[in-house]
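Participant: Dropping a structure here in structure tokens format, bear with me for questions.
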Amino acid sequence: MANHKSSIKRVRQIKARTLRNRYHAKTMRNALKKIRTSEDKNEVRELYPKVCSMLDKLAKRNVIHKNKAGNLKSKITKRVNAMSV
């Protein structure tokens with residue numbers, strides 16, 4: 001364990017951030033899974049903007065990389081467009 005006050009605080013901060021990031025990343029994965037597995041067009045169309053927004057926010061906060069967010073958005077956009085045809 002660290003001895004300096006600042007490093008003890010840093011450890012506390014890292015724990016809190018890790019938990020927060022893990023929660024948001026898991027929420028994102030669940031939302032993506034819901035879009036991928038859903039057969040209902042209306043549900044997918046309703047979820048799509050929310051998930052895109054979530055991906056953008058996570059990329060902005062550096063929970064995921066911006067290119068990963070772009071790739072995921074591209075994949076779900078293809079899925080939504082394929083369903084609406």
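By order in the structure tokens, chains are A, B, ...; within a chain, residues start at 1; ligands start at 1, following the order shown.
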Set the distance at 12 Å and use only C-alpha atoms: which residues neighbour Ser84 (chain A) once local chain neighbours fewer than 4 positions away are removed? I'd like the list as a PyMOL selection string.
Facilitator: chain A and resi 39-45+77-80
Participant: Which polymer residues have any atom within 10 Å of an atom of Lys68 (chain A), counting only C-alpha atoms, with same-chain residues fewer than 5 positions away left out, as a ChimeraX atom specification?
Facilitator: /A:55,59,73-74
Participant: Which residue gives the smallest distance to Arg61 (chain A) among A:Lys5, A:Arg17, A:Arg29, A:Arg10, with only C-alpha atoms counted?
Facilitator: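 Using only C-alpha atoms, Arg61 (chain A) sits closest to A:Arg17.
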